[in-house]
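File shown: target_22.txt (compact mmCIF, C-alpha atoms).
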```
# COMPACT_ATOMS: atom_id res chain seq x y z
CA MET A 1362 48.95 145.63 32.21
CA ASP A 1363 50.47 142.17 32.50
CA ARG A 1364 52.66 141.62 35.50
CA TYR A 1365 56.35 141.00 35.04
CA PRO A 1366 57.48 137.40 35.64
CA LEU A 1367 59.16 138.52 38.86
CA VAL A 1368 58.70 137.39 42.47
CA LEU A 1369 59.78 139.66 45.30
CA ALA A 1370 61.87 138.01 48.03
CA ILE A 1371 61.04 139.48 51.45
CA ASP A 1372 63.54 138.57 54.18
CA ALA A 1373 63.25 141.71 56.32
CA ILE A 1374 63.33 141.35 60.10
CA ASN A 1375 61.83 144.73 60.89
CA CYS A 1376 58.08 144.32 60.86
CA ASP A 1377 56.86 147.83 60.22
CA LYS A 1378 53.90 148.53 57.99
CA ARG A 1379 56.08 150.04 55.24
CA ILE A 1380 56.81 146.70 53.58
CA ILE A 1381 53.10 145.83 53.46
CA LEU A 1382 52.20 149.16 51.87
CA LEU A 1383 55.10 148.85 49.46
CA SER A 1384 54.06 145.31 48.50
CA GLU A 1385 50.53 146.50 47.81
CA GLU A 1386 51.97 149.01 45.36
CA LEU A 1387 54.38 146.49 43.85
CA SER A 1388 51.63 143.91 43.34
CA GLN A 1389 50.51 145.95 40.33
CA VAL A 1390 53.66 144.93 38.49
CA LEU A 1391 55.03 141.80 40.23
CA SER A 1392 53.65 138.27 39.83
CA GLY A 1393 54.35 137.11 43.33
CA PHE A 1394 55.80 137.55 46.82
CA LYS A 1395 58.04 135.09 48.64
CA VAL A 1396 58.38 135.51 52.41
CA GLY A 1397 61.50 134.03 53.99
CA LEU A 1398 62.20 132.47 57.36
CA PRO A 1399 63.79 135.59 58.93
CA THR A 1400 60.56 137.52 58.34
CA LEU A 1401 58.32 134.65 59.44
CA ILE A 1402 60.15 134.20 62.75
CA SER A 1403 60.53 137.91 63.40
CA CYS A 1404 57.08 139.10 62.33
CA GLY A 1405 54.93 135.99 62.80
CA THR A 1406 51.96 134.86 60.79
CA ALA A 1407 50.09 138.13 61.37
CA PHE A 1408 52.52 139.74 58.91
CA LEU A 1409 51.72 137.05 56.36
CA LYS A 1410 48.01 137.67 56.74
CA ASP A 1411 48.44 141.43 56.22
CA LEU A 1412 50.62 140.79 53.18
CA ARG A 1413 48.06 138.35 51.75
CA ASP A 1414 45.36 141.01 52.10
CA ALA A 1415 47.62 143.66 50.55
CA VAL A 1416 48.76 141.87 47.39
CA GLY A 1417 45.39 140.64 46.13
CA ASP A 1418 45.62 137.73 43.72
CA ALA A 1419 49.41 137.79 43.35
CA LEU A 1420 51.15 134.50 44.12
CA MET A 1421 52.12 134.17 47.79
CA ILE A 1422 54.91 131.77 48.74
CA ALA A 1423 56.15 130.84 52.22
CA ASP A 1424 59.86 130.24 51.76
CA LEU A 1425 60.23 128.03 54.81
CA LYS A 1426 63.04 126.03 53.18
CA LEU A 1427 61.46 123.05 54.94
CA ALA A 1428 63.99 120.32 55.69
CA ASP A 1429 62.68 118.12 58.48
CA ILE A 1430 60.81 114.87 59.01
CA GLY A 1431 57.30 114.81 57.54
CA ASP A 1432 55.43 115.47 60.78
CA VAL A 1433 57.40 118.58 61.63
CA MET A 1434 57.18 119.98 58.08
CA VAL A 1435 53.39 119.51 58.20
CA ARG A 1436 53.17 121.19 61.58
CA THR A 1437 55.25 124.15 60.38
CA THR A 1438 53.18 124.53 57.23
CA SER A 1439 49.90 124.39 59.18
CA LEU A 1440 50.83 127.81 60.57
CA VAL A 1441 50.98 129.52 57.18
CA LYS A 1442 48.62 127.48 54.98
CA ASP A 1443 45.73 129.96 55.14
CA TYR A 1444 47.81 132.82 53.76
CA VAL A 1445 49.90 131.30 50.97
CA ASP A 1446 49.48 129.56 47.63
CA ALA A 1447 52.69 127.56 47.90
CA VAL A 1448 55.47 126.51 50.27
CA ILE A 1449 59.11 125.71 49.51
CA ALA A 1450 60.71 122.50 50.79
CA HIS A 1451 64.12 120.92 50.18
CA ALA A 1452 64.30 117.95 47.81
CA PHE A 1453 67.30 116.75 49.83
CA VAL A 1454 65.00 115.59 52.64
CA GLY A 1455 63.91 112.63 50.52
CA ARG A 1456 60.51 111.09 50.09
CA ARG A 1457 59.72 108.36 52.59
CA GLY A 1458 58.46 109.76 55.90
CA GLY A 1459 59.49 113.18 54.66
CA LEU A 1460 58.25 114.83 51.48
CA ASP A 1461 55.54 112.21 50.86
CA VAL A 1462 53.92 113.09 54.18
CA LEU A 1463 54.16 116.82 53.44
CA SER A 1464 52.93 116.49 49.86
CA GLU A 1465 49.83 114.53 50.89
CA GLU A 1466 48.84 117.09 53.52
CA LEU A 1467 49.46 120.00 51.13
CA SER A 1468 47.06 118.46 48.60
CA ARG A 1469 44.40 118.31 51.29
CA TRP A 1470 45.01 121.97 52.11
CA ASP A 1471 45.16 123.01 48.44
CA VAL A 1472 48.63 124.47 48.95
CA LYS A 1473 51.19 123.92 46.19
CA LEU A 1474 54.59 122.29 46.72
CA ILE A 1475 57.77 123.90 45.38
CA LEU A 1476 60.95 121.84 45.76
CA VAL A 1477 64.44 123.27 45.94
CA ALA A 1478 66.42 121.53 43.19
CA SER A 1479 69.57 123.64 43.45
CA MET A 1480 70.66 126.79 45.27
CA SER A 1481 72.23 130.10 44.21
CA HIS A 1482 75.43 130.03 46.33
CA PRO A 1483 78.62 128.22 45.21
CA GLY A 1484 78.21 125.60 47.98
CA SER A 1485 75.21 124.20 46.10
CA GLN A 1486 77.69 122.51 43.78
CA GLU A 1487 79.22 120.57 46.68
CA PHE A 1488 76.19 118.35 47.30
CA TYR A 1489 72.96 119.52 45.69
CA ASP A 1490 74.01 119.78 42.07
CA ALA A 1491 75.31 116.20 42.15
CA ILE A 1492 71.78 114.84 42.58
CA THR A 1493 69.89 116.92 39.99
CA ASP A 1494 68.84 113.79 38.08
CA ARG A 1495 67.27 112.20 41.12
CA VAL A 1496 65.65 115.47 42.22
CA ILE A 1497 63.91 115.56 38.83
CA GLY A 1498 62.61 112.05 39.52
CA LEU A 1499 61.38 113.17 42.93
CA VAL A 1500 59.57 116.19 41.46
CA ARG A 1501 57.79 113.79 39.06
CA ASP A 1502 56.97 111.21 41.74
CA LEU A 1503 55.50 113.81 44.08
CA ASN A 1504 53.84 115.72 41.26
CA ALA A 1505 55.32 118.91 42.71
CA TRP A 1506 53.99 122.13 41.20
CA GLY A 1507 57.28 124.00 41.12
CA VAL A 1508 61.02 123.89 41.64
CA VAL A 1509 63.65 126.40 42.71
CA ALA A 1510 66.76 126.52 40.52
CA PRO A 1511 69.33 129.31 40.58
CA ALA A 1512 69.60 132.11 38.03
CA THR A 1513 73.33 131.98 38.79
CA ARG A 1514 73.59 128.57 37.07
CA PRO A 1515 71.38 128.63 33.94
CA ASP A 1516 72.68 125.20 32.85
CA VAL A 1517 70.85 123.60 35.77
CA ILE A 1518 67.66 125.42 34.73
CA ARG A 1519 68.06 124.13 31.16
CA VAL A 1520 68.44 120.54 32.35
CA ILE A 1521 65.34 120.78 34.53
CA ARG A 1522 63.25 122.52 31.86
CA GLY A 1523 64.33 119.94 29.30
CA ARG A 1524 62.98 117.11 31.43
CA LEU A 1525 60.05 118.71 33.25
CA ARG A 1526 57.88 120.58 30.75
CA ASP A 1527 55.02 121.54 33.07
CA VAL A 1528 56.74 122.41 36.31
CA LYS A 1529 57.04 126.08 37.32
CA ILE A 1530 60.68 127.10 37.73
CA PHE A 1531 61.53 129.88 40.21
CA SER A 1532 65.03 131.34 39.97
CA PRO A 1533 66.72 133.28 42.77
CA GLY A 1534 70.08 134.98 42.46
CA VAL A 1535 69.07 137.86 40.17
CA GLY A 1536 70.58 141.26 40.97
CA VAL A 1537 72.85 141.53 44.01
CA GLN A 1538 73.83 137.83 43.78
CA GLY A 1539 75.09 138.29 40.25
CA ALA A 1540 72.65 137.00 37.61
CA ARG A 1541 71.38 139.46 34.97
CA PRO A 1542 67.61 139.97 34.69
CA GLY A 1543 66.26 137.66 31.99
CA GLU A 1544 69.09 135.12 32.05
CA ALA A 1545 67.07 132.54 33.99
CA LEU A 1546 63.93 133.17 31.91
CA CYS A 1547 65.98 132.57 28.75
CA ALA A 1548 67.19 129.28 30.21
CA GLY A 1549 63.61 128.15 30.83
CA ALA A 1550 62.56 129.62 34.19
CA ASP A 1551 59.01 130.93 34.67
CA TYR A 1552 59.80 133.48 37.37
CA GLU A 1553 62.90 135.30 38.55
CA ILE A 1554 63.17 136.03 42.25
CA VAL A 1555 64.50 139.47 43.12
CA GLY A 1556 65.00 140.90 46.61
CA ARG A 1557 67.50 143.58 47.47
CA ALA A 1558 67.69 145.05 43.94
CA ILE A 1559 64.08 146.17 44.40
CA LEU A 1560 63.69 146.58 48.16
CA GLU A 1561 66.89 148.52 48.70
CA ALA A 1562 66.32 150.85 45.75
CA SER A 1563 65.41 154.46 46.52
CA ASP A 1564 62.29 153.99 44.34
CA PRO A 1565 61.29 150.30 44.59
CA LEU A 1566 58.41 150.56 42.09
CA ALA A 1567 60.66 152.14 39.48
CA ALA A 1568 63.33 149.51 40.23
CA ALA A 1569 60.79 146.70 39.82
CA LYS A 1570 59.70 148.09 36.45
CA SER A 1571 63.28 148.54 35.35
CA VAL A 1572 64.28 144.96 36.30
CA GLY A 1573 61.07 143.69 34.67
CA GLU A 1574 61.71 145.54 31.42
CA GLU A 1575 65.31 144.37 31.35
CA ALA A 1576 64.13 140.78 31.84
CA LEU A 1577 61.52 141.04 29.08
CA GLY A 1578 64.07 142.65 26.76
CA ALA A 1579 66.53 139.82 27.38
CA MET A 1580 63.79 137.27 26.69
CA LYS A 1581 62.90 138.85 23.37
CA ARG A 1582 66.53 138.72 22.33
CA CYS A 1583 67.07 135.11 23.34
CA GLN A 1584 63.80 133.96 21.72
CA ARG A 1585 64.94 135.59 18.48
CA ALA A 1586 68.39 134.00 18.65
CA MET B 1469 72.00 114.86 90.86
CA ASP B 1470 73.55 114.61 87.41
CA ARG B 1471 71.23 115.32 84.53
CA TYR B 1472 70.33 112.55 82.12
CA PRO B 1473 71.96 112.79 78.67
CA LEU B 1474 68.59 113.74 77.19
CA VAL B 1475 67.47 116.80 75.24
CA LEU B 1476 63.77 117.68 75.08
CA ALA B 1477 62.41 118.45 71.60
CA ILE B 1478 59.79 121.20 71.77
CA ASP B 1479 57.73 121.57 68.58
CA ALA B 1480 54.46 122.77 70.12
CA ILE B 1481 52.47 125.44 68.30
CA ASN B 1482 50.33 126.48 71.25
CA CYS B 1483 52.26 129.09 73.16
CA ASP B 1484 50.75 128.91 76.62
CA LYS B 1485 52.86 129.25 79.71
CA ARG B 1486 52.47 125.54 80.62
CA ILE B 1487 55.41 124.41 78.49
CA ILE B 1488 57.68 127.03 80.09
CA LEU B 1489 56.73 125.96 83.61
CA LEU B 1490 57.08 122.32 82.66
CA SER B 1491 60.52 122.94 81.14
CA GLU B 1492 61.64 124.67 84.33
CA GLU B 1493 60.72 121.52 86.24
CA LEU B 1494 62.29 119.22 83.63
CA SER B 1495 65.54 121.18 83.63
CA GLN B 1496 66.37 119.48 86.93
CA VAL B 1497 66.78 116.18 85.08
CA LEU B 1498 67.33 116.99 81.39
CA SER B 1499 70.59 118.24 79.86
CA GLY B 1500 69.04 120.43 77.23
CA PHE B 1501 66.10 121.84 75.31
CA LYS B 1502 65.73 121.99 71.54
CA VAL B 1503 63.11 124.36 70.13
CA GLY B 1504 61.84 123.59 66.63
CA LEU B 1505 60.66 125.75 63.78
CA PRO B 1506 56.91 125.26 64.42
CA THR B 1507 57.33 126.73 67.91
CA LEU B 1508 59.63 129.51 66.74
CA ILE B 1509 57.21 130.69 64.03
CA SER B 1510 54.13 130.27 66.19
CA CYS B 1511 55.43 131.69 69.47
CA GLY B 1512 58.22 134.00 68.33
CA THR B 1513 61.46 134.80 70.06
CA ALA B 1514 59.68 135.96 73.24
CA PHE B 1515 58.96 132.29 73.94
CA LEU B 1516 62.64 131.47 73.52
CA LYS B 1517 63.60 134.18 75.98
CA ASP B 1518 61.14 132.90 78.58
CA LEU B 1519 62.40 129.36 78.08
CA ARG B 1520 66.03 130.51 78.43
CA ASP B 1521 65.16 132.17 81.74
CA ALA B 1522 63.27 129.07 82.91
CA VAL B 1523 65.85 126.35 82.24
CA GLY B 1524 68.89 127.99 83.85
CA ASP B 1525 72.19 126.61 82.60
CA ALA B 1526 70.72 123.73 80.58
CA LEU B 1527 71.77 123.62 76.94
CA MET B 1528 69.44 125.61 74.67
CA ILE B 1529 69.33 124.76 70.96
CA ALA B 1530 67.40 126.53 68.19
CA ASP B 1531 66.46 123.77 65.79
CA LEU B 1532 66.05 126.04 62.81
CA LYS B 1533 67.14 123.29 60.39
CA LEU B 1534 68.85 126.11 58.52
CA ALA B 1535 69.19 125.38 54.81
CA ASP B 1536 69.65 128.60 52.89
CA ILE B 1537 72.38 130.81 51.47
CA GLY B 1538 74.79 132.17 54.08
CA ASP B 1539 73.28 135.65 54.33
CA VAL B 1540 69.78 134.37 55.04
CA MET B 1541 71.00 131.79 57.59
CA VAL B 1542 72.89 134.55 59.41
CA ARG B 1543 69.86 136.83 59.38
CA THR B 1544 67.63 134.04 60.73
CA THR B 1545 70.11 133.18 63.47
CA SER B 1546 70.49 136.82 64.49
CA LEU B 1547 66.92 136.61 65.82
CA VAL B 1548 67.67 133.81 68.30
CA LYS B 1549 71.36 134.22 69.10
CA ASP B 1550 70.82 135.91 72.47
CA TYR B 1551 68.77 133.02 73.85
CA VAL B 1552 70.52 129.87 72.67
CA ASP B 1553 73.85 128.07 73.02
CA ALA B 1554 73.68 126.40 69.62
CA VAL B 1555 71.79 126.33 66.30
CA ILE B 1556 71.21 123.43 63.93
CA ALA B 1557 71.96 123.78 60.21
CA HIS B 1558 71.91 121.28 57.34
CA ALA B 1559 75.25 119.96 56.07
CA PHE B 1560 73.87 119.50 52.53
CA VAL B 1561 73.79 123.29 52.05
CA GLY B 1562 77.53 123.07 51.45
CA ARG B 1563 80.31 125.33 52.54
CA ARG B 1564 81.07 128.12 50.06
CA GLY B 1565 78.73 131.07 50.47
CA GLY B 1566 76.65 128.92 52.78
CA LEU B 1567 77.92 127.24 55.95
CA ASP B 1568 81.25 129.10 55.92
CA VAL B 1569 79.42 132.42 56.16
CA LEU B 1570 77.18 131.11 58.95
CA SER B 1571 80.03 129.48 60.87
CA GLU B 1572 82.11 132.65 60.87
CA GLU B 1573 79.27 134.76 62.21
CA LEU B 1574 78.39 132.17 64.87
CA SER B 1575 81.96 132.28 66.19
CA ARG B 1576 81.66 136.02 66.54
CA TRP B 1577 78.41 135.58 68.47
CA ASP B 1578 79.75 132.72 70.58
CA VAL B 1579 76.95 130.44 69.37
CA LYS B 1580 77.81 126.82 68.60
CA LEU B 1581 77.15 125.14 65.25
CA ILE B 1582 75.45 121.74 65.08
CA LEU B 1583 75.25 120.17 61.61
CA VAL B 1584 72.65 117.66 60.52
CA ALA B 1585 74.58 114.64 59.23
CA SER B 1586 71.62 112.32 58.78
CA MET B 1587 67.92 112.31 59.66
CA SER B 1588 65.58 109.95 61.49
CA HIS B 1589 63.02 109.27 58.73
CA PRO B 1590 63.51 106.59 56.04
CA GLY B 1591 63.88 109.27 53.33
CA SER B 1592 67.25 110.21 54.83
CA GLN B 1593 68.69 107.15 53.13
CA GLU B 1594 67.65 108.45 49.69
CA PHE B 1595 70.15 111.34 49.63
CA TYR B 1596 71.66 112.23 52.99
CA ASP B 1597 73.15 108.94 54.02
CA ALA B 1598 75.00 108.70 50.71
CA ILE B 1599 77.17 111.71 51.63
CA THR B 1600 78.10 110.80 55.23
CA ASP B 1601 81.81 110.68 54.37
CA ARG B 1602 81.80 114.18 52.95
CA VAL B 1603 79.66 115.50 55.78
CA ILE B 1604 82.32 114.27 58.20
CA GLY B 1605 84.90 116.23 56.21
CA LEU B 1606 82.68 119.32 56.36
CA VAL B 1607 82.25 119.02 60.14
CA ARG B 1608 86.06 118.94 60.43
CA ASP B 1609 86.64 121.82 58.01
CA LEU B 1610 84.13 124.06 59.77
CA ASN B 1611 85.18 122.90 63.22
CA ALA B 1612 81.50 122.36 64.05
CA TRP B 1613 80.75 121.66 67.71
CA GLY B 1614 78.08 119.03 67.15
CA VAL B 1615 76.22 116.86 64.67
CA VAL B 1616 72.73 115.39 64.48
CA ALA B 1617 72.57 111.69 63.63
CA PRO B 1618 69.50 109.51 64.08
CA ALA B 1619 68.94 107.06 66.91
CA THR B 1620 66.99 105.05 64.35
CA ARG B 1621 70.21 104.21 62.48
CA PRO B 1622 72.95 103.51 65.04
CA ASP B 1623 75.37 102.42 62.29
CA VAL B 1624 75.55 106.00 61.06
CA ILE B 1625 76.30 107.16 64.62
CA ARG B 1626 79.09 104.57 64.90
CA VAL B 1627 80.71 105.74 61.67
CA ILE B 1628 80.62 109.38 62.79
CA ARG B 1629 81.89 108.64 66.30
CA GLY B 1630 84.69 106.51 64.86
CA ARG B 1631 85.96 109.41 62.79
CA LEU B 1632 85.08 112.45 64.91
CA ARG B 1633 86.17 111.86 68.49
CA ASP B 1634 85.44 115.29 69.93
CA VAL B 1635 82.20 116.26 68.24
CA LYS B 1636 78.96 116.17 70.26
CA ILE B 1637 76.44 113.79 68.70
CA PHE B 1638 72.71 114.49 69.17
CA SER B 1639 70.33 111.69 68.27
CA PRO B 1640 66.63 112.19 67.52
CA GLY B 1641 64.19 109.38 66.90
CA VAL B 1642 63.98 107.99 70.44
CA GLY B 1643 60.51 106.96 71.64
CA VAL B 1644 57.57 107.48 69.29
CA GLN B 1645 59.81 107.28 66.19
CA GLY B 1646 61.02 103.83 67.18
CA ALA B 1647 64.50 103.84 68.75
CA ARG B 1648 64.88 102.43 72.29
CA PRO B 1649 66.35 104.74 74.96
CA GLY B 1650 70.11 104.14 75.20
CA GLU B 1651 70.57 102.67 71.73
CA ALA B 1652 72.09 105.85 70.31
CA LEU B 1653 74.25 106.43 73.41
CA CYS B 1654 75.60 102.88 73.06
CA ALA B 1655 76.49 103.63 69.44
CA GLY B 1656 78.45 106.72 70.50
CA ALA B 1657 75.96 109.56 70.80
CA ASP B 1658 76.31 112.13 73.60
CA TYR B 1659 72.64 113.08 73.86
CA GLU B 1660 69.36 111.48 72.88
CA ILE B 1661 66.58 113.80 71.75
CA VAL B 1662 63.13 112.93 73.06
CA GLY B 1663 59.91 114.81 72.39
CA ARG B 1664 56.48 113.27 72.47
CA ALA B 1665 57.44 110.38 74.82
CA ILE B 1666 57.97 113.01 77.53
CA LEU B 1667 55.67 115.88 76.54
CA GLU B 1668 52.63 113.73 75.84
CA ALA B 1669 52.99 111.65 79.01
CA SER B 1670 50.47 112.23 81.77
CA ASP B 1671 53.39 112.89 84.13
CA PRO B 1672 56.22 114.37 82.01
CA LEU B 1673 58.76 114.54 84.86
CA ALA B 1674 58.21 110.88 85.71
CA ALA B 1675 58.41 110.01 82.00
CA ALA B 1676 61.70 111.93 81.65
CA LYS B 1677 63.19 110.07 84.62
CA SER B 1678 61.96 106.76 83.28
CA VAL B 1679 63.42 107.34 79.79
CA GLY B 1680 66.64 108.59 81.43
CA GLU B 1681 66.98 105.54 83.66
CA GLU B 1682 66.27 103.21 80.75
CA ALA B 1683 68.96 104.98 78.70
CA LEU B 1684 71.54 104.78 81.51
CA GLY B 1685 70.66 101.10 82.09
CA ALA B 1686 71.18 100.32 78.42
CA MET B 1687 74.51 102.15 78.47
CA LYS B 1688 75.74 100.14 81.43
CA ARG B 1689 74.86 96.92 79.65
CA CYS B 1690 76.54 97.88 76.36
CA GLN B 1691 79.69 99.17 78.10
CA ARG B 1692 79.95 95.84 79.92
CA ALA B 1693 79.43 93.85 76.71
```
Please, can you express the file's structure as structure tokens?
Amino acid sequence: MDRYPLVLAIDAINCDKRIILLSEELSQVLSGFKVGLPTLISCGTAFLKDLRDAVGDALMIADLKLADIGDVMVRTTSLVKDYVDAVIAHAFVGRRGGLDVLSEELSRWDVKLILVASMSHPGSQEFYDAITDRVIGLVRDLNAWGVVAPATRPDVIRVIRGRLRDVKIFSPGVGVQGARPGEALCAGADYEIVGRAILEASDPLAAAKSVGEEALGAMKRCQRA
Amino acid sequence: MDRYPLVLAIDAINCDKRIILLSEELSQVLSGFKVGLPTLISCGTAFLKDLRDAVGDALMIADLKLADIGDVMVRTTSLVKDYVDAVIAHAFVGRRGGLDVLSEELSRWDVKLILVASMSHPGSQEFYDAITDRVIGLVRDLNAWGVVAPATRPDVIRVIRGRLRDVKIFSPGVGVQGARPGEALCAGADYEIVGRAILEASDPLAAAKSVGEEALGAMKRCQRA
């Protein structure tokens, strides 16, 4: 079967084997896996390697939320580059001596760049959402492969999709944070990022299928409308 | 003797014992130690514990460059809280559901908050430096203990010092990145952050003393002027 357009967010700080085994099972139905900073610091790169081996050809993303000078972002990414398809960095860092340095090194390593364009918490509106226009320019200039834009604010997704046809849009905020499955996809996202709604369910595989079906159902309705 | 107003930036990804032993020696003359994300991911929290034990009462900072939703920033910080006096987070994350959540938890843990107000690479001028005014408001609102502002742009330091009398200002960019020792202190910083100029010297302790003396000399001259 086709995989659902869902990416699992892993931010666990306990490093037992359960999450690896579970991810192996979930990789039958999920498109990708996004490993956050808490897990990377707590469990190290060995965890990432095991996860890579477990999930086969599913998309692997290191959610480092990189936000440093170019040199330091490159050094951080060098630790994970062999295990992931993409890394996430903050657009806010800016280009010169920052994202341009990272982007160049990522090309050499054949690792994709995903830029945060907006975040899922209300505070994103205080600074980030005021610069959406210029973030779109930055995504173009750097030829970034993907962007992160929140399922909790579909209008931002629509603006980005309207101006960047080919970029992959990843949308966090589905489930516990409040967005309904499918809302971000309807607004133009390619993948919805789900964490606790799957991982904290008593049957995570069933939960993943249920969120996936709900998302596909919502997409059918909005495409018809 | 008094320690120099210098903080050592540690971003090494090799985790051998040498850096711990060296830091123990350097803690005689340096005020603090700032451990970056590359080191934290590569060496884990065990490294941080060893460093904490080695440097005695010197200031320990986890330079996580936190830039996520509140929950994830709290979870990341929970991993390092027992070994550090302060953590660094990005102001551009915004307050609601972000820095307010982090700040509240840090108070409970008795860990200080340092906010990035501006960065040392040219790209900082593209987005960050346009919001300095509002970052200053955020530092006040959250009652943050410190801010990071680059030695490479002393004007930004002056603006922040002029409006925030009691906040501790930490300034990276001294040495390899181009700022002269003492420049940031003269502009109002409390500590200059130095990395490679000390760690890559053939005699790091001598290099630390030399940078420290140069910084103090510059301060004397600018206070006289």
Take the point (85.2, 122.7, 66.9) in the file's coordinates, draw a sphere of radius 9 Å around it, and report as a tab-separated table (two decimals) with C-alpha atoms, keeping the file's coordinate frame every protein, DNA or RNA residue with an atom inside or on it, counting only C-alpha atoms.
```tsv
chain	number	residue	atom	x	y	z
B	1580	LYS	CA	77.81	126.82	68.60
B	1581	LEU	CA	77.15	125.14	65.25
B	1607	VAL	CA	82.25	119.02	60.14
B	1608	ARG	CA	86.06	118.94	60.43
B	1610	LEU	CA	84.13	124.06	59.77
B	1611	ASN	CA	85.18	122.90	63.22
B	1612	ALA	CA	81.50	122.36	64.05
B	1613	TRP	CA	80.75	121.66	67.71
B	1614	GLY	CA	78.08	119.03	67.15
B	1634	ASP	CA	85.44	115.29	69.93
B	1635	VAL	CA	82.20	116.26	68.24
```
Report as number ranges by chain the set of chain A residues whose atoms approach chain B to within 7 Å, with distances computed over only C-alpha atoms.
A: 1398-1399, 1401-1403, 1405, 1426, 1428, 1430, 1436-1437, 1440, 1453-1459, 1482-1485, 1487-1489
Write out as a short mmCIF file (atom, residue, chain, number, x, y, z; two decimals) with C-alpha atoms, keeping the file's coordinate frame the residues lying within 6 Å of segment 1620-1630 of chain B, counting all atoms listed in the file and excluding same-chain residues fewer than 3 positions away.
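Resulting contents of result30.cif:
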```cif
data_model
loop_
_atom_site.label_atom_id
_atom_site.label_comp_id
_atom_site.auth_asym_id
_atom_site.auth_seq_id
_atom_site.Cartn_x
_atom_site.Cartn_y
_atom_site.Cartn_z
CA SER B 1588 65.58 109.95 61.49
CA ALA B 1617 72.57 111.69 63.63
CA ARG B 1633 86.17 111.86 68.49
CA GLY B 1641 64.19 109.38 66.90
CA ALA B 1647 64.50 103.84 68.75
CA ALA B 1652 72.09 105.85 70.31
CA ALA B 1655 76.49 103.63 69.44
CA GLY B 1656 78.45 106.72 70.50
#
```
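Comparing the minimum interatomic distances between Pro1542 of chain A and each of A:Pro1565, A:Gly1578, A:Gly1498, A:Gly1417, counting only C-alpha atoms, we find that A:Gly1578 sits nearest.
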Pick out the residues sitting within 9 Å of Ala1419 of chain A, and hand them over as a VMD selection string; count all atoms listed in the file, and ignore anything fewer than 2 positions along from it in its own chain.
chain A and resid 1388 to 1389 1391 to 1394 1413 1416 to 1417 1421
Restricted to C-alpha atoms, what would the selected residues look like written as a compact mmCIF listing (two decimals), in the frame of the given file?
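Below is the file that was written, selection-v3.txt:
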```
# COMPACT_ATOMS: atom_id res chain seq x y z
CA SER A 1388 51.63 143.91 43.34
CA GLN A 1389 50.51 145.95 40.33
CA LEU A 1391 55.03 141.80 40.23
CA SER A 1392 53.65 138.27 39.83
CA GLY A 1393 54.35 137.11 43.33
CA PHE A 1394 55.80 137.55 46.82
CA ARG A 1413 48.06 138.35 51.75
CA VAL A 1416 48.76 141.87 47.39
CA GLY A 1417 45.39 140.64 46.13
CA MET A 1421 52.12 134.17 47.79
```
Could you tell me which of A:Ile1449, A:Leu1367, A:Ile1422, A:Val1396 comes closest to Ser1532 of chain A if we count only C-alpha atoms?
A:Leu1367
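Reported to one decimal place, the separation of atom CA of Lys1549 of chain B from atom CA of Ala1530 of chain B is 8.7 Å.
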Distance atom CA of Asp1550 of chain B-atom CA of Ala1665 of chain B, one decimal place?
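Answer for the atom CA of Asp1550 of chain B to atom CA of Ala1665 of chain B separation: 28.9 Å.
As for atom CA of Leu1574 of chain B and atom CA of Ile1637 of chain B, they are spaced 18.9 Å apart.
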